[in-house]
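Peer 1: Here it is, the structure in full.
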Amino acid sequence: MNIKVTKLSDTQIKPFKVMGSAMEFLATVSIPGTYLVELRNCGINERRNPNQLVGYVVTQPSGSQLGIETVFHDPKDGFDNGDLHIINFESQEITSYYRG
């Protein structure tokens, strides 16, 4: 597993704060078939072929963090793989955990 920590600007973190506010009454939300432009704006791009995008899952484990898992199907092994991105609002960082 590879781990990368990136400092976010106020402009980059703002849409994640809005997303977190929208999660106020939800534990977890799954969004099939799309990739977050907010991640692209932080320099985090989706996996390329042969991996196929499944979608993403958003959760807010605490008021100071937002978790986003991007999910891809790997045709080589037939399983889905996920990359986990944790946004920390206090430190204004995103920590990405890449699998596979």
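The way I read the labels, and the way they are meant: chains A, B, ... in the order of the structure tokens, residue 1 as the first residue of every chain, and ligand 1 as the first ligand shown, with later ones counted on from there.
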So that I can check the secondary structure, give me every residue of chain A assigned strand (DSSP E) by backbone DSSP, as a compact mmCIF listing (two decimals) with N, CA and C atoms, in the first residue's frame.

Peer 2:
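Writing done, so here's states24.txt:
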# COMPACT_ATOMS: atom_id res chain seq x y z
N ASN A 2 0.57 2.18 -0.87
CA ASN A 2 1.28 3.45 -0.93
C ASN A 2 0.43 4.52 -0.23
N ILE A 3 1.10 5.39 0.52
CA ILE A 3 0.42 6.47 1.23
C ILE A 3 1.00 7.79 0.78
N LYS A 4 0.12 8.75 0.48
CA LYS A 4 0.56 10.08 0.07
C LYS A 4 -0.26 11.12 0.82
N VAL A 5 0.43 12.10 1.42
CA VAL A 5 -0.23 13.19 2.14
C VAL A 5 -0.03 14.48 1.34
N THR A 6 -1.13 15.19 1.10
CA THR A 6 -1.09 16.43 0.32
C THR A 6 -1.75 17.55 1.11
N LYS A 7 -1.07 18.67 1.21
CA LYS A 7 -1.64 19.87 1.85
C LYS A 7 -2.63 20.49 0.88
N THR A 28 -23.25 6.99 5.39
CA THR A 28 -22.46 6.64 4.21
C THR A 28 -23.31 6.85 2.97
N VAL A 29 -22.67 7.33 1.91
CA VAL A 29 -23.36 7.51 0.63
C VAL A 29 -22.50 6.87 -0.46
N SER A 30 -23.12 6.09 -1.32
CA SER A 30 -22.39 5.52 -2.45
C SER A 30 -22.92 6.14 -3.74
N ILE A 31 -22.00 6.48 -4.61
CA ILE A 31 -22.34 7.10 -5.89
C ILE A 31 -21.73 6.24 -7.00
N PRO A 32 -22.56 5.51 -7.73
CA PRO A 32 -22.02 4.62 -8.78
C PRO A 32 -21.63 5.38 -10.05
N GLN A 52 -11.69 -0.46 -14.42
CA GLN A 52 -12.97 0.16 -14.77
C GLN A 52 -13.56 0.81 -13.53
N LEU A 53 -13.93 2.08 -13.64
CA LEU A 53 -14.50 2.82 -12.52
C LEU A 53 -15.85 2.21 -12.12
N VAL A 54 -16.00 1.93 -10.83
CA VAL A 54 -17.27 1.46 -10.28
C VAL A 54 -18.02 2.65 -9.68
N GLY A 55 -17.31 3.52 -8.96
CA GLY A 55 -17.91 4.69 -8.33
C GLY A 55 -17.13 5.09 -7.10
N TYR A 56 -17.81 5.72 -6.16
CA TYR A 56 -17.14 6.09 -4.92
C TYR A 56 -18.13 6.03 -3.75
N VAL A 57 -17.54 5.97 -2.56
CA VAL A 57 -18.30 5.92 -1.32
C VAL A 57 -17.79 7.06 -0.44
N VAL A 58 -18.71 7.80 0.17
CA VAL A 58 -18.35 8.90 1.06
C VAL A 58 -18.88 8.60 2.45
N THR A 59 -18.04 8.85 3.46
CA THR A 59 -18.46 8.70 4.85
C THR A 59 -17.79 9.79 5.67
N GLN A 60 -18.41 10.16 6.77
CA GLN A 60 -17.82 11.16 7.65
C GLN A 60 -17.70 10.56 9.04
N PRO A 61 -16.50 9.99 9.34
CA PRO A 61 -16.32 9.33 10.63
C PRO A 61 -16.31 10.29 11.82
N SER A 62 -15.99 11.56 11.57
CA SER A 62 -16.02 12.58 12.62
C SER A 62 -16.28 13.93 11.97
N GLN A 65 -13.22 15.07 9.80
CA GLN A 65 -12.72 14.23 8.71
C GLN A 65 -13.83 13.82 7.76
N LEU A 66 -13.45 13.62 6.51
CA LEU A 66 -14.34 13.08 5.50
C LEU A 66 -13.58 11.97 4.79
N GLY A 67 -14.19 10.82 4.63
CA GLY A 67 -13.55 9.70 3.96
C GLY A 67 -14.20 9.44 2.61
N ILE A 68 -13.36 9.28 1.59
CA ILE A 68 -13.85 8.98 0.24
C ILE A 68 -13.07 7.77 -0.27
N GLU A 69 -13.79 6.73 -0.65
CA GLU A 69 -13.14 5.58 -1.27
C GLU A 69 -13.57 5.52 -2.74
N THR A 70 -12.59 5.60 -3.62
CA THR A 70 -12.86 5.43 -5.05
C THR A 70 -12.69 3.95 -5.35
N VAL A 71 -13.65 3.39 -6.07
CA VAL A 71 -13.68 1.95 -6.30
C VAL A 71 -13.55 1.65 -7.79
N PHE A 72 -12.65 0.72 -8.10
CA PHE A 72 -12.38 0.31 -9.47
C PHE A 72 -12.43 -1.20 -9.57
N HIS A 73 -12.92 -1.69 -10.70
CA HIS A 73 -12.91 -3.14 -10.96
C HIS A 73 -11.62 -3.47 -11.69
N ASP A 74 -10.90 -4.46 -11.17
CA ASP A 74 -9.65 -4.92 -11.78
C ASP A 74 -9.93 -6.20 -12.56
N PHE A 79 -11.66 -8.69 -9.12
CA PHE A 79 -12.14 -8.09 -7.88
C PHE A 79 -12.17 -6.57 -7.99
N ASP A 80 -12.93 -5.97 -7.10
CA ASP A 80 -12.94 -4.51 -6.99
C ASP A 80 -11.84 -4.08 -6.02
N ASN A 81 -11.16 -2.99 -6.34
CA ASN A 81 -10.13 -2.42 -5.48
C ASN A 81 -10.51 -0.98 -5.18
N GLY A 82 -10.13 -0.53 -4.00
CA GLY A 82 -10.46 0.84 -3.62
C GLY A 82 -9.25 1.62 -3.16
N ASP A 83 -9.24 2.90 -3.47
CA ASP A 83 -8.25 3.84 -2.94
C ASP A 83 -8.98 4.71 -1.94
N LEU A 84 -8.43 4.82 -0.74
CA LEU A 84 -9.07 5.57 0.34
C LEU A 84 -8.42 6.94 0.46
N HIS A 85 -9.24 7.97 0.53
CA HIS A 85 -8.76 9.34 0.68
C HIS A 85 -9.44 9.94 1.91
N ILE A 86 -8.65 10.34 2.89
CA ILE A 86 -9.16 10.93 4.12
C ILE A 86 -8.83 12.42 4.13
N ILE A 87 -9.85 13.25 4.17
CA ILE A 87 -9.67 14.69 4.23
C ILE A 87 -9.77 15.10 5.69
N ASN A 88 -8.71 15.76 6.18
CA ASN A 88 -8.70 16.26 7.55
C ASN A 88 -8.90 17.76 7.49
N GLU A 93 -5.35 18.69 5.13
CA GLU A 93 -4.60 17.71 4.35
C GLU A 93 -5.51 16.60 3.87
N ILE A 94 -5.10 16.00 2.77
CA ILE A 94 -5.75 14.79 2.29
C ILE A 94 -4.70 13.68 2.30
N THR A 95 -5.02 12.59 2.96
CA THR A 95 -4.13 11.44 3.00
C THR A 95 -4.75 10.36 2.12
N SER A 96 -3.99 9.93 1.14
CA SER A 96 -4.48 8.93 0.18
C SER A 96 -3.76 7.60 0.41
N TYR A 97 -4.54 6.55 0.49
CA TYR A 97 -4.04 5.19 0.67
C TYR A 97 -4.36 4.43 -0.61
N TYR A 98 -3.32 4.11 -1.38
CA TYR A 98 -3.49 3.47 -2.68
C TYR A 98 -3.20 1.98 -2.56

Peer 1: Just asking: which residues within chain A are alpha helix (DSSP H) according to DSSP, as number ranges by chain?

Peer 2: A: 10-22, 37-40

Peer 1: Which neighbours of region 42-45 of chain A fall inside 9 Å, counting only C-alpha atoms, when residues of the same chain fewer than 2 positions from it are skipped, and could you give them as a list of chain:residue names?

Peer 2: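 My list of contacting residues is A:Thr6, A:Leu8, A:Gln12, A:Ile13, A:Tyr35, A:Val37, A:Glu38, A:Leu39, A:Arg40, A:Arg47, A:Arg48, A:Ile94, A:Ser96.
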
Peer 1: In terms of the shortest atom-to-atom distance over only C-alpha atoms, which of A:Ala27, A:Asn49, A:Gly63, A:Gln92 is closest to Thr11 (chain A)?

Peer 2: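 For Thr11 (chain A), the nearest of the candidates is A:Gln92.
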
Peer 1: So which one's closest to Ser21 (chain A), A:Asn51, A:Ser9, A:Asn41, A:Ser64? Using only C-alpha atoms, please.

Peer 2: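 Closest residue, counting only C-alpha atoms: A:Ser64.
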
Peer 1: I'd like the interatomic distance between CA of Gly78 (chain A) and CA of Thr34 (chain A), to a tenth of an Å.

Peer 2: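 CA of Thr34 (chain A) lies at a distance of 19.9 Å from CA of Gly78 (chain A).
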
Peer 1: Mind giving me the straight-line distance from CA of Ser91 (chain A) to CA of Met19 (chain A) in Å, one decimal?

Peer 2: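 Result for CA of Ser91 (chain A) versus CA of Met19 (chain A): 17.3 Å, one decimal.
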
Peer 1: With only C-alpha atoms as the atoms that count, which of A:Pro50, A:Leu26, A:Val18, A:Asp10 lies nearest to Pro75 (chain A)?

Peer 2: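 For Pro75 (chain A), the nearest of the candidates is A:Pro50.
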